[in-house]
Amino acid sequence: MFHRHGEVRVSYFPRMKIATPIFVTGCARSGTTLMTRLLDGHPDVVVFPTELKYFRHLNLPSIFPRSKLAQHQHPRDAVLEVVSSAYLSPLYGEPETVGGRKRVLEVAAEKIDATTFRDALHDVAEVTDHGSALLHFFTSLMDGLGRPRIELERVHLVEKTPFQEENVELLLEAFPDARFIHMVRNPYAVMASWRNRAVRQLPKPELPDMQRSSLELARANRARFGEIYRVVRYEDLVSDTKSEVSAAAEFLGLPFDPVLLEPMILGEPWQGN
């Protein structure tokens, strides 16, 4: 693997130098989706339209044990599990069972060629490690959008999965120039948001522990990784969006564009969850 500032050469495409990847993380219901949607319309990024939850399908130690979805050993098996999951498969035409994503699926149906996207996702022969696994989803998305894969040398891929803050070291091994935005929010507001969304995958007694662990990792990762790890308060993002988004764009190396003030999904307007 070869890398230098601003680009990284990965084993999946030995001749492709992808632009700095961006990962948005934090406790669920802390504004990770809003931050991602604000980045979505920028001409210099390509955002995966749903969470991948890739590391949750691997046999890795976790401080968020209730978030584990499978225990696969090989990245290829984890990718296939993600591809067939109820969270991703509706993007290429399978029935929706997750709920609450009507607008996302409407835009995906308009923008993505479902057959091309599905076929590309299932062709995992080149997946050998975490870097090639995560890049596989974006090259498949580019195929589905009818855009050349080589554009990933210019545009920054953006992926959002809550509770991924414990996998920063693995992500940096795969993408040494990655940047991270960790969203935090008032814990009481997080609990209210979970209640209002009727999220029942996790017993309520575990939610405070998960919030506390996420906040502790926000502090620890910022101290450990310094300038590549930015922590953003949800309350600041909604009360002073322009300032926060402008600062985030500078941190990510993106030229400011007014489109950053409008939430988007695959470049189309998005009104929220």
# chains A, B, ... in the order shown; residues from 1 in each chain; ligands from 1
$ residues_around --residues "range 74-83 of chain A" --least-positions-apart "5" --cutoff "9 Å" --atoms "only C-alpha atoms" --output "MDAnalysis selection string"
chainID A and resid 52:59 88:89 118 121:122 124:130 132:134 136:137
$ select_by_dssp --residues "range 23-228 of chain A" --states "strand (DSSP E)" --output "list in words"
Phe23, Val24, Thr25, Gly26, Val45, Val46, Val47, His156, Leu157, Val158, Glu159, Lys160, Arg179, Phe180, Ile181, His182, Met183 and Val184 of chain A
$ residues_around --residues "Ala220 in chain A" --least-positions-apart "5" --cutoff "12 Å" --atoms "only C-alpha atoms" --output "ChimeraX atom specification"
/A:165-166,168,182,213-215,225-226,229-231
$ write_last_selection --atoms "C-alpha atoms" --output "compact mmCIF listing (two decimals), in the first residue's frame"
# COMPACT_ATOMS: atom_id res chain seq x y z
CA GLU A 165 -15.72 5.36 16.70
CA GLU A 166 -14.25 2.16 18.15
CA VAL A 168 -10.87 4.28 13.93
CA HIS A 182 -17.87 12.45 15.64
CA SER A 213 -19.03 4.87 25.87
CA SER A 214 -19.50 6.95 22.72
CA LEU A 215 -18.82 10.20 24.59
CA PHE A 225 -5.76 11.34 16.73
CA GLY A 226 -5.66 15.13 16.96
CA TYR A 229 -10.66 13.79 14.39
CA ARG A 230 -13.30 16.47 14.86
CA VAL A 231 -16.06 16.39 17.49
$ residues_around --residues "range 159-161 of chain A" --least-positions-apart "4" --cutoff "12 Å" --atoms "only C-alpha atoms" --output "compact mmCIF listing (two decimals) with all heavy atoms, in the first residue's frame"
# COMPACT_ATOMS: atom_id res chain seq x y z
N THR A 20 -9.16 11.69 0.02
CA THR A 20 -9.29 11.46 1.45
C THR A 20 -10.70 11.01 1.83
O THR A 20 -11.66 11.75 1.62
CB THR A 20 -8.95 12.74 2.23
OG1 THR A 20 -7.62 13.14 1.92
CG2 THR A 20 -9.06 12.50 3.73
N PRO A 21 -10.87 9.81 2.39
CA PRO A 21 -12.20 9.36 2.81
C PRO A 21 -12.65 10.10 4.08
O PRO A 21 -11.83 10.51 4.91
CB PRO A 21 -12.02 7.87 3.09
CG PRO A 21 -10.67 7.52 2.55
CD PRO A 21 -9.87 8.77 2.59
N ILE A 22 -13.96 10.22 4.24
CA ILE A 22 -14.56 10.91 5.38
C ILE A 22 -15.53 9.95 6.07
O ILE A 22 -16.42 9.40 5.41
CB ILE A 22 -15.30 12.19 4.93
CG1 ILE A 22 -14.33 13.17 4.26
CG2 ILE A 22 -16.02 12.85 6.11
CD1 ILE A 22 -15.03 14.26 3.47
N PHE A 23 -15.37 9.78 7.37
CA PHE A 23 -16.25 8.90 8.13
C PHE A 23 -16.96 9.71 9.20
O PHE A 23 -16.32 10.42 9.99
CB PHE A 23 -15.45 7.75 8.76
CG PHE A 23 -14.81 6.85 7.74
CD1 PHE A 23 -13.48 7.02 7.38
CD2 PHE A 23 -15.55 5.85 7.12
CE1 PHE A 23 -12.88 6.20 6.43
CE2 PHE A 23 -14.97 5.03 6.16
CZ PHE A 23 -13.63 5.21 5.81
N VAL A 24 -18.30 9.61 9.24
CA VAL A 24 -19.12 10.29 10.23
C VAL A 24 -19.62 9.25 11.21
O VAL A 24 -20.17 8.21 10.81
CB VAL A 24 -20.30 11.02 9.57
CG1 VAL A 24 -21.14 11.74 10.62
CG2 VAL A 24 -19.80 12.02 8.52
N THR A 25 -19.44 9.50 12.50
CA THR A 25 -19.78 8.52 13.51
C THR A 25 -20.34 9.21 14.75
O THR A 25 -20.53 10.43 14.77
CB THR A 25 -18.55 7.65 13.85
OG1 THR A 25 -18.95 6.57 14.67
CG2 THR A 25 -17.48 8.47 14.53
N GLY A 26 -20.59 8.42 15.79
CA GLY A 26 -21.16 8.94 17.02
C GLY A 26 -22.30 8.05 17.48
O GLY A 26 -22.69 7.11 16.78
N CYS A 27 -22.86 8.35 18.64
CA CYS A 27 -24.00 7.59 19.14
C CYS A 27 -25.19 7.78 18.20
O CYS A 27 -25.40 8.87 17.66
CB CYS A 27 -24.36 8.08 20.54
SG CYS A 27 -25.75 7.21 21.30
N ALA A 28 -25.95 6.72 17.98
CA ALA A 28 -27.16 6.84 17.17
C ALA A 28 -28.08 7.90 17.76
O ALA A 28 -28.16 8.06 18.98
CB ALA A 28 -27.88 5.49 17.12
N ARG A 29 -28.78 8.63 16.89
CA ARG A 29 -29.69 9.72 17.26
C ARG A 29 -28.95 10.95 17.76
O ARG A 29 -29.50 11.77 18.47
CB ARG A 29 -30.73 9.28 18.30
CG ARG A 29 -31.40 7.95 18.05
CD ARG A 29 -32.02 7.85 16.67
NE ARG A 29 -33.03 8.87 16.45
CZ ARG A 29 -33.57 9.16 15.26
NH1 ARG A 29 -33.18 8.49 14.20
NH2 ARG A 29 -34.48 10.08 15.14
N SER A 30 -27.67 11.10 17.36
CA SER A 30 -26.87 12.26 17.79
C SER A 30 -26.60 13.25 16.67
O SER A 30 -25.80 14.17 16.84
CB SER A 30 -25.53 11.79 18.39
OG SER A 30 -25.72 11.13 19.61
N GLY A 31 -27.23 13.06 15.52
CA GLY A 31 -27.04 14.00 14.42
C GLY A 31 -26.11 13.51 13.34
O GLY A 31 -25.73 14.29 12.46
N THR A 32 -25.75 12.23 13.36
CA THR A 32 -24.86 11.71 12.33
C THR A 32 -25.51 11.80 10.95
O THR A 32 -24.84 12.13 9.96
CB THR A 32 -24.48 10.26 12.62
OG1 THR A 32 -25.67 9.46 12.77
CG2 THR A 32 -23.65 10.15 13.90
N THR A 33 -26.80 11.53 10.87
CA THR A 33 -27.49 11.60 9.58
C THR A 33 -27.54 13.03 9.07
O THR A 33 -27.29 13.29 7.88
CB THR A 33 -28.91 11.02 9.69
OG1 THR A 33 -28.83 9.64 10.06
CG2 THR A 33 -29.65 11.12 8.35
N LEU A 34 -27.87 13.98 9.94
CA LEU A 34 -27.95 15.38 9.52
C LEU A 34 -26.60 15.85 8.97
O LEU A 34 -26.54 16.47 7.90
CB LEU A 34 -28.39 16.26 10.68
CG LEU A 34 -28.42 17.76 10.37
CD1 LEU A 34 -29.37 18.06 9.20
CD2 LEU A 34 -28.81 18.55 11.61
N MET A 35 -25.52 15.58 9.68
CA MET A 35 -24.20 16.00 9.20
C MET A 35 -23.91 15.39 7.84
O MET A 35 -23.42 16.06 6.92
CB MET A 35 -23.12 15.60 10.21
CG MET A 35 -21.69 15.85 9.72
SD MET A 35 -21.35 17.60 9.30
CE MET A 35 -21.12 18.29 10.96
N THR A 36 -24.22 14.11 7.68
CA THR A 36 -23.96 13.44 6.41
C THR A 36 -24.78 14.03 5.28
O THR A 36 -24.29 14.25 4.17
CB THR A 36 -24.25 11.94 6.54
OG1 THR A 36 -23.50 11.41 7.63
CG2 THR A 36 -23.85 11.19 5.27
N ARG A 37 -26.05 14.32 5.55
CA ARG A 37 -26.92 14.89 4.53
C ARG A 37 -26.49 16.30 4.13
O ARG A 37 -26.65 16.71 2.98
CB ARG A 37 -28.36 14.89 5.01
CG ARG A 37 -28.95 13.51 5.27
CD ARG A 37 -29.13 12.73 3.99
NE ARG A 37 -29.75 11.44 4.25
CZ ARG A 37 -29.16 10.27 4.03
NH1 ARG A 37 -27.93 10.22 3.53
NH2 ARG A 37 -29.78 9.14 4.30
N LEU A 39 -23.41 17.26 3.98
CA LEU A 39 -22.25 17.07 3.11
C LEU A 39 -22.66 16.56 1.73
O LEU A 39 -21.94 16.75 0.75
CB LEU A 39 -21.27 16.08 3.74
CG LEU A 39 -20.56 16.51 5.03
CD1 LEU A 39 -19.77 15.34 5.61
CD2 LEU A 39 -19.64 17.69 4.76
N ASP A 40 -23.81 15.92 1.64
CA ASP A 40 -24.18 15.14 0.45
C ASP A 40 -24.20 15.92 -0.84
O ASP A 40 -23.82 15.40 -1.89
CB ASP A 40 -25.56 14.50 0.69
CG ASP A 40 -25.95 13.52 -0.40
OD1 ASP A 40 -26.41 13.98 -1.47
OD2 ASP A 40 -25.79 12.30 -0.20
N VAL A 45 -17.85 15.48 -3.06
CA VAL A 45 -18.03 14.28 -2.25
C VAL A 45 -19.03 13.34 -2.91
O VAL A 45 -19.85 13.77 -3.72
CB VAL A 45 -18.51 14.60 -0.81
CG1 VAL A 45 -17.60 15.58 -0.11
CG2 VAL A 45 -19.95 15.10 -0.81
N VAL A 46 -18.95 12.07 -2.56
CA VAL A 46 -19.98 11.09 -2.92
C VAL A 46 -20.32 10.35 -1.62
O VAL A 46 -19.44 9.78 -0.98
CB VAL A 46 -19.54 10.12 -4.03
CG1 VAL A 46 -18.27 9.38 -3.67
CG2 VAL A 46 -20.65 9.16 -4.38
N VAL A 47 -21.59 10.42 -1.23
CA VAL A 47 -22.04 9.89 0.04
C VAL A 47 -22.79 8.59 -0.19
O VAL A 47 -23.71 8.53 -1.02
CB VAL A 47 -22.96 10.90 0.77
CG1 VAL A 47 -23.47 10.32 2.09
CG2 VAL A 47 -22.22 12.21 1.00
N PHE A 48 -22.43 7.55 0.55
CA PHE A 48 -23.20 6.32 0.44
C PHE A 48 -24.56 6.57 1.08
O PHE A 48 -24.62 7.10 2.20
CB PHE A 48 -22.49 5.15 1.12
CG PHE A 48 -22.95 3.82 0.58
CD1 PHE A 48 -22.37 3.30 -0.57
CD2 PHE A 48 -23.96 3.10 1.19
CE1 PHE A 48 -22.80 2.09 -1.10
CE2 PHE A 48 -24.40 1.89 0.68
CZ PHE A 48 -23.82 1.39 -0.47
N PRO A 49 -25.66 6.21 0.42
CA PRO A 49 -26.98 6.66 0.85
C PRO A 49 -27.54 5.99 2.09
O PRO A 49 -28.61 6.39 2.57
CB PRO A 49 -27.87 6.37 -0.37
CG PRO A 49 -27.17 5.29 -1.10
CD PRO A 49 -25.70 5.53 -0.89
N THR A 50 -26.89 5.00 2.63
CA THR A 50 -27.36 4.37 3.85
C THR A 50 -26.16 3.90 4.67
O THR A 50 -25.03 3.91 4.19
CB THR A 50 -28.29 3.16 3.52
OG1 THR A 50 -28.94 2.74 4.72
CG2 THR A 50 -27.50 2.01 2.93
N GLU A 51 -26.41 3.53 5.92
CA GLU A 51 -25.33 3.03 6.76
C GLU A 51 -24.87 1.66 6.28
O GLU A 51 -25.68 0.83 5.87
CB GLU A 51 -25.81 2.93 8.21
CG GLU A 51 -26.19 4.27 8.81
CD GLU A 51 -26.90 4.12 10.15
OE1 GLU A 51 -26.89 2.99 10.69
OE2 GLU A 51 -27.47 5.11 10.63
N LEU A 52 -23.57 1.42 6.35
CA LEU A 52 -23.04 0.12 5.96
C LEU A 52 -22.96 -0.85 7.13
O LEU A 52 -23.16 -2.05 6.96
CB LEU A 52 -21.66 0.29 5.33
CG LEU A 52 -21.65 1.01 3.99
CD1 LEU A 52 -20.21 1.18 3.49
CD2 LEU A 52 -22.48 0.26 2.96
N LYS A 53 -22.65 -0.36 8.31
CA LYS A 53 -22.52 -1.22 9.50
C LYS A 53 -21.53 -2.36 9.24
O LYS A 53 -21.67 -3.46 9.79
CB LYS A 53 -23.88 -1.80 9.90
CG LYS A 53 -24.97 -0.75 10.12
CD LYS A 53 -26.30 -1.42 10.43
CE LYS A 53 -27.46 -0.45 10.45
NZ LYS A 53 -27.49 0.37 11.64
N TYR A 54 -20.53 -2.11 8.43
CA TYR A 54 -19.61 -3.16 8.00
C TYR A 54 -18.93 -3.87 9.17
O TYR A 54 -18.94 -5.10 9.27
CB TYR A 54 -18.57 -2.57 7.05
CG TYR A 54 -17.36 -3.45 6.81
CD1 TYR A 54 -17.45 -4.59 6.02
CD2 TYR A 54 -16.13 -3.14 7.39
CE1 TYR A 54 -16.34 -5.40 5.80
CE2 TYR A 54 -15.02 -3.94 7.17
CZ TYR A 54 -15.13 -5.07 6.38
OH TYR A 54 -14.05 -5.87 6.18
N PHE A 55 -18.33 -3.12 10.09
CA PHE A 55 -17.58 -3.73 11.18
C PHE A 55 -18.47 -4.50 12.15
O PHE A 55 -18.00 -5.38 12.87
CB PHE A 55 -16.77 -2.68 11.93
CG PHE A 55 -15.57 -2.19 11.16
CD1 PHE A 55 -15.58 -0.94 10.57
CD2 PHE A 55 -14.45 -2.99 11.01
CE1 PHE A 55 -14.49 -0.49 9.84
CE2 PHE A 55 -13.35 -2.54 10.29
CZ PHE A 55 -13.37 -1.28 9.71
N ARG A 56 -19.76 -4.21 12.17
CA ARG A 56 -20.67 -4.93 13.06
C ARG A 56 -20.89 -6.37 12.59
O ARG A 56 -21.43 -7.19 13.32
CB ARG A 56 -22.01 -4.21 13.15
CG ARG A 56 -21.90 -2.81 13.72
CD ARG A 56 -23.27 -2.25 13.99
NE ARG A 56 -23.24 -0.81 14.13
CZ ARG A 56 -24.31 -0.05 14.29
NH1 ARG A 56 -25.50 -0.63 14.33
NH2 ARG A 56 -24.21 1.26 14.40
N SER A 67 -24.72 -4.06 19.44
CA SER A 67 -24.77 -3.58 18.06
C SER A 67 -24.23 -4.61 17.06
O SER A 67 -24.34 -4.42 15.85
CB SER A 67 -23.96 -2.28 17.91
OG SER A 67 -22.56 -2.54 18.00
N TYR A 87 -30.99 -3.55 5.57
CA TYR A 87 -30.66 -2.13 5.56
C TYR A 87 -30.18 -1.66 4.20
O TYR A 87 -30.41 -0.53 3.81
CB TYR A 87 -29.61 -1.83 6.63
CG TYR A 87 -29.78 -0.47 7.24
CD1 TYR A 87 -30.79 -0.24 8.19
CD2 TYR A 87 -28.99 0.60 6.87
CE1 TYR A 87 -30.97 1.01 8.74
CE2 TYR A 87 -29.17 1.86 7.42
CZ TYR A 87 -30.16 2.05 8.36
OH TYR A 87 -30.34 3.29 8.90
N LEU A 134 -14.61 -1.73 2.08
CA LEU A 134 -15.35 -0.47 2.13
C LEU A 134 -15.35 0.23 0.78
O LEU A 134 -16.37 0.80 0.36
CB LEU A 134 -14.75 0.43 3.21
CG LEU A 134 -15.03 -0.04 4.64
CD1 LEU A 134 -14.14 0.69 5.63
CD2 LEU A 134 -16.50 0.18 4.99
N LEU A 135 -14.24 0.16 0.08
CA LEU A 135 -14.19 0.78 -1.25
C LEU A 135 -15.14 0.07 -2.21
O LEU A 135 -15.71 0.70 -3.12
CB LEU A 135 -12.76 0.74 -1.77
CG LEU A 135 -12.50 1.47 -3.10
CD1 LEU A 135 -12.94 2.92 -3.01
CD2 LEU A 135 -11.03 1.37 -3.47
N PHE A 137 -18.14 -0.94 -1.79
CA PHE A 137 -19.48 -0.35 -1.77
C PHE A 137 -19.54 0.93 -2.60
O PHE A 137 -20.54 1.19 -3.27
CB PHE A 137 -19.90 -0.07 -0.33
CG PHE A 137 -20.10 -1.31 0.50
CD1 PHE A 137 -19.15 -1.70 1.43
CD2 PHE A 137 -21.22 -2.10 0.32
CE1 PHE A 137 -19.34 -2.86 2.18
CE2 PHE A 137 -21.42 -3.25 1.07
CZ PHE A 137 -20.47 -3.63 2.01
N PHE A 138 -18.47 1.70 -2.58
CA PHE A 138 -18.49 2.96 -3.31
C PHE A 138 -18.27 2.76 -4.81
O PHE A 138 -18.87 3.47 -5.62
CB PHE A 138 -17.44 3.92 -2.73
CG PHE A 138 -17.90 4.55 -1.45
CD1 PHE A 138 -17.68 3.92 -0.23
CD2 PHE A 138 -18.59 5.75 -1.46
CE1 PHE A 138 -18.13 4.48 0.95
CE2 PHE A 138 -19.05 6.32 -0.28
CZ PHE A 138 -18.82 5.69 0.93
N GLU A 165 -16.86 4.69 16.07
CA GLU A 165 -15.72 5.36 16.70
C GLU A 165 -14.74 4.38 17.32
O GLU A 165 -13.58 4.72 17.55
CB GLU A 165 -16.19 6.36 17.76
CG GLU A 165 -17.22 5.84 18.73
CD GLU A 165 -18.65 6.10 18.29
OE1 GLU A 165 -18.90 6.13 17.08
OE2 GLU A 165 -19.51 6.26 19.17
N GLU A 166 -15.18 3.14 17.60
CA GLU A 166 -14.25 2.16 18.15
C GLU A 166 -13.40 1.51 17.07
O GLU A 166 -12.49 0.74 17.39
CB GLU A 166 -15.01 1.09 18.93
CG GLU A 166 -15.89 0.19 18.08
CD GLU A 166 -16.55 -0.92 18.90
OE1 GLU A 166 -16.08 -1.20 20.03
OE2 GLU A 166 -17.52 -1.52 18.41
N ASN A 167 -13.65 1.80 15.81
CA ASN A 167 -12.92 1.17 14.71
C ASN A 167 -11.99 2.14 13.97
O ASN A 167 -11.54 1.86 12.87
CB ASN A 167 -13.92 0.58 13.70
CG ASN A 167 -14.79 -0.49 14.32
OD1 ASN A 167 -14.29 -1.41 14.96
ND2 ASN A 167 -16.09 -0.35 14.16
N VAL A 168 -11.69 3.27 14.59
CA VAL A 168 -10.87 4.28 13.93
C VAL A 168 -9.51 3.74 13.54
O VAL A 168 -9.00 3.99 12.44
CB VAL A 168 -10.73 5.53 14.83
CG1 VAL A 168 -9.71 6.51 14.25
CG2 VAL A 168 -12.08 6.21 15.00
N LEU A 171 -9.77 1.67 10.48
CA LEU A 171 -10.04 2.51 9.31
C LEU A 171 -8.78 3.24 8.85
O LEU A 171 -8.54 3.41 7.65
CB LEU A 171 -11.15 3.51 9.63
CG LEU A 171 -12.55 2.90 9.73
CD1 LEU A 171 -13.52 3.89 10.36
CD2 LEU A 171 -13.05 2.48 8.35
N ALA A 178 -7.61 9.23 6.19
CA ALA A 178 -9.02 9.43 6.50
C ALA A 178 -9.21 10.58 7.49
O ALA A 178 -8.32 10.93 8.27
CB ALA A 178 -9.63 8.15 7.07
N ARG A 179 -10.41 11.16 7.44
CA ARG A 179 -10.84 12.18 8.39
C ARG A 179 -12.13 11.70 9.05
O ARG A 179 -12.92 10.98 8.44
CB ARG A 179 -11.06 13.52 7.70
CG ARG A 179 -9.80 14.14 7.10
CD ARG A 179 -8.83 14.57 8.19
NE ARG A 179 -7.64 15.20 7.65
CZ ARG A 179 -6.53 14.54 7.31
NH1 ARG A 179 -6.50 13.23 7.42
NH2 ARG A 179 -5.49 15.19 6.84
N PHE A 180 -12.35 12.13 10.31
CA PHE A 180 -13.48 11.65 11.09
C PHE A 180 -14.24 12.82 11.70
O PHE A 180 -13.63 13.76 12.23
CB PHE A 180 -13.01 10.72 12.21
CG PHE A 180 -12.24 9.52 11.71
CD1 PHE A 180 -10.87 9.61 11.47
CD2 PHE A 180 -12.90 8.33 11.46
CE1 PHE A 180 -10.17 8.50 11.00
CE2 PHE A 180 -12.20 7.22 10.99
CZ PHE A 180 -10.84 7.32 10.76
N ILE A 181 -15.57 12.75 11.63
CA ILE A 181 -16.43 13.67 12.34
C ILE A 181 -17.27 12.85 13.31
O ILE A 181 -18.00 11.95 12.91
CB ILE A 181 -17.34 14.47 11.39
CG1 ILE A 181 -16.50 15.43 10.54
CG2 ILE A 181 -18.39 15.26 12.19
CD1 ILE A 181 -17.33 16.27 9.58
N HIS A 182 -17.15 13.17 14.59
CA HIS A 182 -17.87 12.45 15.64
C HIS A 182 -18.94 13.38 16.20
O HIS A 182 -18.64 14.41 16.79
CB HIS A 182 -16.88 12.04 16.74
CG HIS A 182 -17.44 11.16 17.80
ND1 HIS A 182 -16.75 10.08 18.30
CD2 HIS A 182 -18.62 11.18 18.47
CE1 HIS A 182 -17.48 9.49 19.23
NE2 HIS A 182 -18.62 10.15 19.35
N MET A 183 -20.20 13.02 16.02
CA MET A 183 -21.31 13.83 16.51
C MET A 183 -21.64 13.46 17.96
O MET A 183 -21.68 12.28 18.32
CB MET A 183 -22.55 13.61 15.65
CG MET A 183 -22.39 14.03 14.20
SD MET A 183 -22.04 15.80 13.99
CE MET A 183 -23.50 16.53 14.78
$ residues_around --residues "Gln211 in chain A" --least-positions-apart "5" --cutoff "12 Å" --atoms "only C-alpha atoms" --output "PyMOL selection string"
chain A and resi 26-30+63-64+162-163+165+183-191+194+204-206+216-218
$ residues_around --residues "range 256-261 of chain A" --least-positions-apart "2" --cutoff "9 Å" --atoms "only C-alpha atoms" --output "number ranges by chain"
A: 37-43, 241-242, 245-246, 249-250, 254, 263-264
$ write_last_selection --atoms "N, CA and C atoms" --output "PDB file, in the first residue's frame"
ATOM      1  N   ARG A  37     -26.050  14.316   5.552  1.00  0.00           N
ATOM      2  CA  ARG A  37     -26.923  14.887   4.526  1.00  0.00           C
ATOM      3  C   ARG A  37     -26.491  16.300   4.131  1.00  0.00           C
ATOM      4  N   LEU A  38     -25.934  17.050   5.064  1.00  0.00           N
ATOM      5  CA  LEU A  38     -25.432  18.387   4.729  1.00  0.00           C
ATOM      6  C   LEU A  38     -24.215  18.290   3.812  1.00  0.00           C
ATOM      7  N   LEU A  39     -23.409  17.260   3.984  1.00  0.00           N
ATOM      8  CA  LEU A  39     -22.252  17.073   3.106  1.00  0.00           C
ATOM      9  C   LEU A  39     -22.656  16.556   1.733  1.00  0.00           C
ATOM     10  N   ASP A  40     -23.812  15.920   1.638  1.00  0.00           N
ATOM     11  CA  ASP A  40     -24.182  15.138   0.454  1.00  0.00           C
ATOM     12  C   ASP A  40     -24.198  15.921  -0.840  1.00  0.00           C
ATOM     13  N   GLY A  41     -24.669  17.154  -0.801  1.00  0.00           N
ATOM     14  CA  GLY A  41     -24.813  17.900  -2.049  1.00  0.00           C
ATOM     15  C   GLY A  41     -23.530  18.504  -2.579  1.00  0.00           C
ATOM     16  N   HIS A  42     -22.455  18.443  -1.813  1.00  0.00           N
ATOM     17  CA  HIS A  42     -21.202  19.079  -2.238  1.00  0.00           C
ATOM     18  C   HIS A  42     -20.647  18.375  -3.480  1.00  0.00           C
ATOM     19  N   PRO A  43     -20.227  19.134  -4.476  1.00  0.00           N
ATOM     20  CA  PRO A  43     -19.734  18.505  -5.710  1.00  0.00           C
ATOM     21  C   PRO A  43     -18.461  17.697  -5.550  1.00  0.00           C
ATOM     22  N   THR A 241     -25.749  26.639  11.927  1.00  0.00           N
ATOM     23  CA  THR A 241     -25.388  25.675  10.891  1.00  0.00           C
ATOM     24  C   THR A 241     -24.265  26.189   9.993  1.00  0.00           C
ATOM     25  N   LYS A 242     -24.351  27.433   9.579  1.00  0.00           N
ATOM     26  CA  LYS A 242     -23.347  27.939   8.634  1.00  0.00           C
ATOM     27  C   LYS A 242     -21.954  27.902   9.237  1.00  0.00           C
ATOM     28  N   VAL A 245     -20.840  24.129   9.691  1.00  0.00           N
ATOM     29  CA  VAL A 245     -20.582  23.451   8.423  1.00  0.00           C
ATOM     30  C   VAL A 245     -19.356  24.052   7.744  1.00  0.00           C
ATOM     31  N   SER A 246     -19.183  25.351   7.852  1.00  0.00           N
ATOM     32  CA  SER A 246     -17.995  25.984   7.281  1.00  0.00           C
ATOM     33  C   SER A 246     -16.725  25.449   7.940  1.00  0.00           C
ATOM     34  N   ALA A 249     -16.166  21.893   6.765  1.00  0.00           N
ATOM     35  CA  ALA A 249     -15.647  21.867   5.400  1.00  0.00           C
ATOM     36  C   ALA A 249     -14.153  22.189   5.382  1.00  0.00           C
ATOM     37  N   GLU A 250     -13.748  23.178   6.162  1.00  0.00           N
ATOM     38  CA  GLU A 250     -12.319  23.517   6.232  1.00  0.00           C
ATOM     39  C   GLU A 250     -11.525  22.352   6.801  1.00  0.00           C
ATOM     40  N   LEU A 254     -12.599  20.735   2.108  1.00  0.00           N
ATOM     41  CA  LEU A 254     -13.589  20.996   1.069  1.00  0.00           C
ATOM     42  C   LEU A 254     -13.787  22.496   0.922  1.00  0.00           C
ATOM     43  N   PRO A 263     -29.755  20.082   3.476  1.00  0.00           N
ATOM     44  CA  PRO A 263     -29.656  18.615   3.546  1.00  0.00           C
ATOM     45  C   PRO A 263     -30.070  17.965   2.227  1.00  0.00           C
ATOM     46  N   MET A 264     -29.269  16.997   1.779  1.00  0.00           N
ATOM     47  CA  MET A 264     -29.506  16.325   0.496  1.00  0.00           C
ATOM     48  C   MET A 264     -29.389  14.815   0.674  1.00  0.00           C
TER      49      MET A 264
END
$ closest_residue --among "A:Asp44, A:Asp240, A:Asp119, A:Glu110" --to "Val155 in chain A" --atoms "only C-alpha atoms"
A:Asp44
$ closest_residue --among "A:Val232, A:Leu152, A:Val238, A:Met210" --to "Ile18 in chain A" --atoms "only C-alpha atoms"
A:Leu152
$ decode --residues "range 123-131 of chain A" --atoms "N, CA, C and O atoms" --output "PDB file, in the first residue's frame"
ATOM      1  N   ASP A 123     -20.453  -8.913  -6.689  1.00  0.00           N
ATOM      2  CA  ASP A 123     -19.183  -9.353  -7.268  1.00  0.00           C
ATOM      3  C   ASP A 123     -18.052  -8.969  -6.311  1.00  0.00           C
ATOM      4  O   ASP A 123     -17.453  -7.907  -6.423  1.00  0.00           O
ATOM      5  N   VAL A 124     -17.759  -9.847  -5.357  1.00  0.00           N
ATOM      6  CA  VAL A 124     -16.822  -9.527  -4.281  1.00  0.00           C
ATOM      7  C   VAL A 124     -15.468 -10.212  -4.453  1.00  0.00           C
ATOM      8  O   VAL A 124     -14.686 -10.315  -3.494  1.00  0.00           O
ATOM      9  N   ALA A 125     -15.154 -10.643  -5.656  1.00  0.00           N
ATOM     10  CA  ALA A 125     -13.912 -11.393  -5.880  1.00  0.00           C
ATOM     11  C   ALA A 125     -12.674 -10.605  -5.474  1.00  0.00           C
ATOM     12  O   ALA A 125     -11.669 -11.184  -5.043  1.00  0.00           O
ATOM     13  N   GLU A 126     -12.736  -9.278  -5.608  1.00  0.00           N
ATOM     14  CA  GLU A 126     -11.558  -8.454  -5.336  1.00  0.00           C
ATOM     15  C   GLU A 126     -11.441  -8.048  -3.866  1.00  0.00           C
ATOM     16  O   GLU A 126     -10.459  -7.421  -3.477  1.00  0.00           O
ATOM     17  N   VAL A 127     -12.427  -8.365  -3.046  1.00  0.00           N
ATOM     18  CA  VAL A 127     -12.396  -7.952  -1.645  1.00  0.00           C
ATOM     19  C   VAL A 127     -11.445  -8.847  -0.861  1.00  0.00           C
ATOM     20  O   VAL A 127     -11.636 -10.060  -0.797  1.00  0.00           O
ATOM     21  N   THR A 128     -10.435  -8.243  -0.256  1.00  0.00           N
ATOM     22  CA  THR A 128      -9.437  -9.004   0.494  1.00  0.00           C
ATOM     23  C   THR A 128      -9.198  -8.459   1.899  1.00  0.00           C
ATOM     24  O   THR A 128      -8.682  -9.178   2.753  1.00  0.00           O
ATOM     25  N   ASP A 129      -9.525  -7.196   2.145  1.00  0.00           N
ATOM     26  CA  ASP A 129      -9.247  -6.583   3.441  1.00  0.00           C
ATOM     27  C   ASP A 129     -10.276  -5.493   3.698  1.00  0.00           C
ATOM     28  O   ASP A 129     -11.186  -5.278   2.900  1.00  0.00           O
ATOM     29  N   HIS A 130     -10.135  -4.786   4.824  1.00  0.00           N
ATOM     30  CA  HIS A 130     -11.127  -3.777   5.183  1.00  0.00           C
ATOM     31  C   HIS A 130     -11.176  -2.630   4.170  1.00  0.00           C
ATOM     32  O   HIS A 130     -12.252  -2.129   3.838  1.00  0.00           O
ATOM     33  N   GLY A 131     -10.007  -2.230   3.687  1.00  0.00           N
ATOM     34  CA  GLY A 131      -9.980  -1.134   2.721  1.00  0.00           C
ATOM     35  C   GLY A 131     -10.704  -1.496   1.443  1.00  0.00           C
ATOM     36  O   GLY A 131     -11.538  -0.729   0.938  1.00  0.00           O
TER      37      GLY A 131
END
